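Enquirer: After the structure tokens below, expect a handful of questions from me.
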Amino acid sequence: MEKYKGLSAAQFFYRNREIAGFSNPVRALYQSVRELVENSLDATETHGILPEIYLKIDVDKDKEDRIILEIEDNGIGIPGREIPNVFGRVFYGSKYTLRQTRGVFGLGVKMAVLYAQITTGMPIYIKSSTLNSSYIYEYEIQIDIEKNIPIIKFLKITKKKNRKQHGTKARLITMGNLKGAHRRIEEYIKRTALIAPYANIVFKTPKVEYVFKRVVQKLPTPPKVGKYHPKGVDIELLKMMIRKTKRKVKLVDFLSNNFDGVGKRTALNFCKWCGIDPNLEVKNLSVSMLELLSSKMREYPKWRRPRPITLSPVGEKLLKEGARRILNPEFVTAVTRPPASYSGNPFIVEVALAWGGDIQPQNTPILYRFANRIPLLYDEGADVARKIIDSIDWNIYKVKFPARIVIITHLCSTKVPFKGVGKEAIADVPEVEKELNIAIREAARRLRRHLSKVEKAMELKRRRVIIEKYIGEVSRALAYICKMEDKIFLEKLSAMLRSDIEKRVLVRNVEA
Ligand code: ADP
Ligand code: MG
């Protein structure tokens, strides 16, 4: 006889941890750091707080693969009663809304807790206090894998001395291979510092200590919570929304109250277009009506574009500052594209291009990819940005390899079209590909303009060197012919050369 039973969410991820990036001690350590850092950033920047993040990685003196991760932030904190669930229950969190955040699933940190629990047997330690609370909560938490509920190992509540203080500190003792993961983690932190030039980040390991001081004092406008776009609905979503709707609400009001960019007039026009009576009560709609409604909503060509209030692009200025902070290039430019959408999901593409300076020469442009401000370090070959960059003939833009060139791509969206569950590469959705292509080429054109200017300046310099080389001889020859002193010619010719160069420089500056 077969035995039948269910599987809890925690059990599922316990068995299939590679799905969430915890496949081996190198990757698991990298992923644990990521989950902690991303939560800290979400808890600060999304809420208008300039991030202060302190991350320390230590190795146990007696066991090389026993790693102590410690992170502290000045974020909004976590209410005491929520702490056990957010760290001890898979699929529990505060980010199940339509708004751009780094985390979305309510899973990340639990995977780190789970991994620590099964490799070292140690619970996660949390100390947190929210903005206006008078108390500090300290917990030690593990996960009851079979039931997917938190186990509280330790709890202490103390009164705050300074009410203004807020934020979270977490400590995790986990198994990992720091030697193997060190370079990736370092790269991850550097790139995070690039995309968040408004953050103070301290990063300490037994090998290195980085202090990234913020180079700008202003955050990008934080994202707002938005509504669903009518193009992105399916039957289940409709059912769920209708369940939350009061009795007697008519279809036209349901549409105009619940969807992005839909007012009464648009709702009426839509109903007319698909021949559904706008005065029907939504609670009474049959399943076949819901099916019709959802397919018509996806098809209707006249919805307004999704509004991008849910998104928070970094912006051209901050992107340039970030690139300067980390890459120290000779030239940098950035392009933030206007909002666009795919299948009802708004998105914005940003690209920065850095050239020269401290960048290492390579035979192809170096690519830094970001999605919702998360650096993507794995699976570059599968990413749409790599595909575009490789398809460009860089000769057109005066780039000759080996060249010192870095291209930074940032996609923000309430739904990033990742390829697969690894969340490391962006799929080639046509709308996204188009926007990326435009942005990369625009940045490349600006680089070409810069390189032309540099070329002209070099040409001028070369001419000057040549003329200067012969000026003495020419003066002497002229003096001989005219039977005059050569000093006079030398002075005159030098003056001419100077004014010629000054004129050209002037023209160049005006052009610029
Ligand atoms: P996600 O980030 O996808 O929501 P996580 O499991 O990583 O899922 O985190 C669960 C929840 O815990 C978050 O939604 C957030 O509400 C809360 N949280 C985690 N870390 C912090 C932190 N450092 N500061 C404030 N809240 C946090
Ligand atoms: Mg998270």
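Ligands are numbered from 1 in the order shown, chains are lettered A, B, ... in the order of the structure tokens, and residues start at 1 in each chain.
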Residues within 12 Å of ligand 2 (only C-alpha atoms and all ligand atoms), as an NGL selection string?
Expert: :A and (20 or 31-43 or 86-87 or 90-96 or 101-113 or 374)
Enquirer: Given only C-alpha atoms, how would the per-residue table for segment 306-367 of chain A near segment 216-229 of chain A read, listing every residue at most 12 Å away with its closest atom pair and distance in Å to one decimal, sorted by chain and number, as a tab-separated table?
Expert:
residue	atom	partner	partner_atom	distance
A:Pro306	CA	A:His229	CA	6.1
A:Arg307	CA	A:Gly226	CA	8.5
A:Pro308	CA	A:Pro223	CA	8.7
A:Ile309	CA	A:Lys224	CA	5.7
A:Thr310	CA	A:Lys224	CA	4.7
A:Leu311	CA	A:Pro223	CA	5.0
A:Ser312	CA	A:Pro223	CA	5.1
A:Pro313	CA	A:Pro220	CA	7.1
A:Val314	CA	A:Pro220	CA	5.8
A:Gly315	CA	A:Pro220	CA	7.2
A:Glu316	CA	A:Pro220	CA	10.5
A:Lys317	CA	A:Val216	CA	9.7
A:Leu318	CA	A:Val216	CA	7.5
A:Leu319	CA	A:Pro220	CA	10.5
A:Lys320	CA	A:Val216	CA	10.9
A:Glu321	CA	A:Val216	CA	7.7
A:Gly322	CA	A:Val216	CA	9.0
A:Arg324	CA	A:Val216	CA	11.8
A:Arg325	CA	A:Val216	CA	10.4
A:Ser341	CA	A:His229	CA	10.0
A:Tyr342	CA	A:His229	CA	10.5
A:Ser343	CA	A:His229	CA	8.8
A:Gly344	CA	A:His229	CA	5.2
A:Asn345	CA	A:His229	CA	7.1
A:Pro346	CA	A:His229	CA	8.7
Enquirer: For a quick check of understanding, using only C-alpha atoms, which of A:Arg463, A:Arg373, A:Lys296, A:Lys3 has the smallest distance to Ala193 of chain A?
Expert: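 Ranked by minimum distance to Ala193 of chain A, first place goes to A:Arg373.
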Enquirer: Arg445 of chain A: which residues within 12 Å, counting only C-alpha atoms, same-chain residues fewer than 3 positions away excluded, as a ChimeraX atom specification?
Expert: /A:333-335,353,394-399,438-442,448-452
Enquirer: When you count only C-alpha atoms, which of these residues is closest to Tyr210 of chain A: A:Met496, A:Val262, A:Val233, A:Ile53?
Expert: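 The closest residue to Tyr210 of chain A is A:Ile53.
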Enquirer: Looking at A:Ile19, A:Ile57, A:Gly6, A:Arg89, which one is nearest to ligand 1, with distances taken over only C-alpha atoms and all ligand atoms?
Expert: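 Of all the options, A:Arg89 lies closest to ligand 1.
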Enquirer: Give the strand (DSSP E or B) residues of segment 88-284 of chain A, as assigned by DSSP on the backbone, as a PyMOL selection string.
Expert: chain A and resi 124-129+135-144+149-159+167-175+200-204+209-212+228+250+259+281
Enquirer: So, counting only C-alpha atoms and all ligand atoms, which residue among A:Arg304, A:Arg17, A:His166, A:Lys246 is closest to ligand 1?
Expert: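 Result for the nearest residue to ligand 1: A:His166.
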Enquirer: Which residue, A:Ile466, A:Ile141, A:Leu292, A:Ile389, has the smallest gap to Tyr368 of chain A when you use only C-alpha atoms?
Expert: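 Distance minimum relative to Tyr368 of chain A lands on A:Ile389.
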Enquirer: A:Ala170, A:Ala403, A:Ile118, A:Ile157: which is nearest ligand 1, counting only C-alpha atoms and all ligand atoms?
Expert: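 Using only C-alpha atoms and all ligand atoms, ligand 1 sits closest to A:Ala170.
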Enquirer: As number ranges by chain, which residues of segment 56-242 of chain A does DSSP assign to helix (DSSP H, G or I)?
Expert: A: 80-88, 108-119, 178-195, 230-232, 235-242
Enquirer: Can you write out the residues you just picked, keeping C-alpha atoms, as an mmCIF file, in the first residue's frame?
Expert:
data_model
loop_
_atom_site.group_PDB
_atom_site.id
_atom_site.type_symbol
_atom_site.label_atom_id
_atom_site.label_comp_id
_atom_site.auth_asym_id
_atom_site.auth_seq_id
_atom_site.Cartn_x
_atom_site.Cartn_y
_atom_site.Cartn_z
ATOM 1 C CA GLY A 80 8.308 42.003 18.413
ATOM 2 C CA ARG A 81 5.323 39.770 17.786
ATOM 3 C CA GLU A 82 6.268 39.330 14.090
ATOM 4 C CA ILE A 83 9.911 38.378 14.652
ATOM 5 C CA PRO A 84 9.288 34.627 15.186
ATOM 6 C CA ASN A 85 7.256 34.276 11.989
ATOM 7 C CA VAL A 86 9.409 36.376 9.687
ATOM 8 C CA PHE A 87 12.487 34.328 10.601
ATOM 9 C CA GLY A 88 10.848 31.007 11.353
ATOM 10 C CA GLY A 108 15.048 34.364 1.579
ATOM 11 C CA VAL A 109 16.134 34.710 5.168
ATOM 12 C CA LYS A 110 14.356 31.492 6.181
ATOM 13 C CA MET A 111 16.554 29.606 3.722
ATOM 14 C CA ALA A 112 19.599 31.010 5.495
ATOM 15 C CA VAL A 113 18.101 30.039 8.876
ATOM 16 C CA LEU A 114 17.207 26.583 7.598
ATOM 17 C CA TYR A 115 20.667 26.004 6.180
ATOM 18 C CA ALA A 116 22.326 27.064 9.447
ATOM 19 C CA GLN A 117 19.975 24.831 11.376
ATOM 20 C CA ILE A 118 20.755 21.717 9.364
ATOM 21 C CA THR A 119 24.511 22.303 9.108
ATOM 22 C CA LEU A 178 34.578 31.420 2.986
ATOM 23 C CA LYS A 179 37.740 30.844 0.961
ATOM 24 C CA GLY A 180 35.644 29.782 -2.002
ATOM 25 C CA ALA A 181 32.970 32.446 -1.613
ATOM 26 C CA HIS A 182 35.128 35.410 -0.578
ATOM 27 C CA ARG A 183 35.669 36.901 -4.022
ATOM 28 C CA ARG A 184 32.005 36.657 -4.977
ATOM 29 C CA ILE A 185 30.856 38.166 -1.706
ATOM 30 C CA GLU A 186 33.361 41.002 -2.077
ATOM 31 C CA GLU A 187 32.166 41.629 -5.616
ATOM 32 C CA TYR A 188 28.564 41.518 -4.459
ATOM 33 C CA ILE A 189 29.201 44.124 -1.755
ATOM 34 C CA LYS A 190 31.128 46.387 -4.151
ATOM 35 C CA ARG A 191 28.342 46.260 -6.695
ATOM 36 C CA THR A 192 25.776 46.894 -3.998
ATOM 37 C CA ALA A 193 27.800 49.974 -3.035
ATOM 38 C CA LEU A 194 27.753 51.020 -6.690
ATOM 39 C CA ILE A 195 23.990 50.814 -7.086
ATOM 40 C CA PRO A 230 -5.861 45.110 -15.932
ATOM 41 C CA LYS A 231 -3.569 43.489 -18.524
ATOM 42 C CA GLY A 232 -1.939 41.326 -15.874
ATOM 43 C CA ILE A 235 -9.227 34.273 -13.115
ATOM 44 C CA GLU A 236 -7.776 33.488 -9.699
ATOM 45 C CA LEU A 237 -6.719 37.068 -9.138
ATOM 46 C CA LEU A 238 -10.184 38.268 -10.128
ATOM 47 C CA LYS A 239 -11.824 35.787 -7.754
ATOM 48 C CA MET A 240 -9.573 36.858 -4.921
ATOM 49 C CA MET A 241 -10.327 40.535 -5.497
ATOM 50 C CA ILE A 242 -14.064 39.878 -5.780
#
Enquirer: Counting only C-alpha atoms, what is within 8 Å of Ile173 of chain A, bar same-chain residues fewer than 4 positions away, as a PDB file with all heavy atoms, in the first residue's frame?
Expert:
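Dumped everything to around37.pdb:
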ATOM      1  N   ARG A  66      32.960  26.711   9.816  1.00  0.00           N
ATOM      2  CA  ARG A  66      31.908  27.252  10.671  1.00  0.00           C
ATOM      3  C   ARG A  66      32.012  28.772  10.617  1.00  0.00           C
ATOM      4  O   ARG A  66      32.996  29.357  11.073  1.00  0.00           O
ATOM      5  CB  ARG A  66      32.133  26.760  12.099  1.00  0.00           C
ATOM      6  CG  ARG A  66      30.903  26.506  12.893  1.00  0.00           C
ATOM      7  CD  ARG A  66      31.388  25.934  14.217  1.00  0.00           C
ATOM      8  NE  ARG A  66      30.610  26.498  15.295  1.00  0.00           N
ATOM      9  CZ  ARG A  66      29.543  25.877  15.803  1.00  0.00           C
ATOM     10  NH1 ARG A  66      29.166  24.719  15.343  1.00  0.00           N
ATOM     11  NH2 ARG A  66      28.880  26.445  16.788  1.00  0.00           N
ATOM     12  N   ILE A  67      31.003  29.403  10.023  1.00  0.00           N
ATOM     13  CA  ILE A  67      31.094  30.831   9.718  1.00  0.00           C
ATOM     14  C   ILE A  67      30.098  31.619  10.575  1.00  0.00           C
ATOM     15  O   ILE A  67      28.946  31.189  10.744  1.00  0.00           O
ATOM     16  CB  ILE A  67      30.754  31.092   8.224  1.00  0.00           C
ATOM     17  CG1 ILE A  67      31.537  30.154   7.308  1.00  0.00           C
ATOM     18  CG2 ILE A  67      30.985  32.550   7.864  1.00  0.00           C
ATOM     19  CD1 ILE A  67      33.000  30.401   7.239  1.00  0.00           C
ATOM     20  N   ILE A  68      30.567  32.748  11.083  1.00  0.00           N
ATOM     21  CA  ILE A  68      29.678  33.600  11.885  1.00  0.00           C
ATOM     22  C   ILE A  68      29.350  34.856  11.072  1.00  0.00           C
ATOM     23  O   ILE A  68      30.231  35.651  10.757  1.00  0.00           O
ATOM     24  CB  ILE A  68      30.340  33.987  13.219  1.00  0.00           C
ATOM     25  CG1 ILE A  68      30.731  32.708  13.963  1.00  0.00           C
ATOM     26  CG2 ILE A  68      29.407  34.828  14.082  1.00  0.00           C
ATOM     27  CD1 ILE A  68      32.133  32.704  14.475  1.00  0.00           C
ATOM     28  N   LEU A  69      28.089  34.980  10.718  1.00  0.00           N
ATOM     29  CA  LEU A  69      27.633  36.152   9.956  1.00  0.00           C
ATOM     30  C   LEU A  69      26.930  37.106  10.899  1.00  0.00           C
ATOM     31  O   LEU A  69      26.049  36.701  11.654  1.00  0.00           O
ATOM     32  CB  LEU A  69      26.610  35.733   8.887  1.00  0.00           C
ATOM     33  CG  LEU A  69      27.071  34.871   7.741  1.00  0.00           C
ATOM     34  CD1 LEU A  69      25.887  34.567   6.821  1.00  0.00           C
ATOM     35  CD2 LEU A  69      28.151  35.587   6.971  1.00  0.00           C
ATOM     36  N   ALA A 116      21.532  27.045   8.210  1.00  0.00           N
ATOM     37  CA  ALA A 116      22.326  27.064   9.447  1.00  0.00           C
ATOM     38  C   ALA A 116      21.857  25.948  10.368  1.00  0.00           C
ATOM     39  O   ALA A 116      22.656  25.207  10.947  1.00  0.00           O
ATOM     40  CB  ALA A 116      22.188  28.420  10.129  1.00  0.00           C
ATOM     41  N   THR A 120      24.836  23.477  11.236  1.00  0.00           N
ATOM     42  CA  THR A 120      25.508  23.682  12.527  1.00  0.00           C
ATOM     43  C   THR A 120      24.571  23.453  13.704  1.00  0.00           C
ATOM     44  O   THR A 120      25.010  23.415  14.846  1.00  0.00           O
ATOM     45  CB  THR A 120      26.064  25.118  12.664  1.00  0.00           C
ATOM     46  OG1 THR A 120      24.959  26.030  12.698  1.00  0.00           O
ATOM     47  CG2 THR A 120      26.968  25.476  11.508  1.00  0.00           C
ATOM     48  N   MET A 122      22.563  25.595  14.838  1.00  0.00           N
ATOM     49  CA  MET A 122      22.419  26.822  15.628  1.00  0.00           C
ATOM     50  C   MET A 122      21.216  27.651  15.174  1.00  0.00           C
ATOM     51  O   MET A 122      20.930  27.745  13.987  1.00  0.00           O
ATOM     52  CB  MET A 122      23.681  27.676  15.493  1.00  0.00           C
ATOM     53  CG  MET A 122      24.941  26.989  15.974  1.00  0.00           C
ATOM     54  SD  MET A 122      24.914  26.673  17.748  1.00  0.00           S
ATOM     55  CE  MET A 122      25.278  28.315  18.366  1.00  0.00           C
ATOM     56  N   PRO A 123      20.519  28.309  16.136  1.00  0.00           N
ATOM     57  CA  PRO A 123      19.405  29.187  15.775  1.00  0.00           C
ATOM     58  C   PRO A 123      19.911  30.543  15.292  1.00  0.00           C
ATOM     59  O   PRO A 123      21.085  30.860  15.465  1.00  0.00           O
ATOM     60  CB  PRO A 123      18.666  29.355  17.104  1.00  0.00           C
ATOM     61  CG  PRO A 123      19.724  29.213  18.143  1.00  0.00           C
ATOM     62  CD  PRO A 123      20.741  28.251  17.593  1.00  0.00           C
ATOM     63  N   ILE A 124      19.035  31.331  14.690  1.00  0.00           N
ATOM     64  CA  ILE A 124      19.407  32.702  14.334  1.00  0.00           C
ATOM     65  C   ILE A 124      19.144  33.596  15.536  1.00  0.00           C
ATOM     66  O   ILE A 124      18.173  33.400  16.272  1.00  0.00           O
ATOM     67  CB  ILE A 124      18.637  33.209  13.085  1.00  0.00           C
ATOM     68  CG1 ILE A 124      19.209  34.557  12.626  1.00  0.00           C
ATOM     69  CG2 ILE A 124      17.127  33.328  13.351  1.00  0.00           C
ATOM     70  CD1 ILE A 124      18.699  35.025  11.267  1.00  0.00           C
TER      71      ILE A 124
END
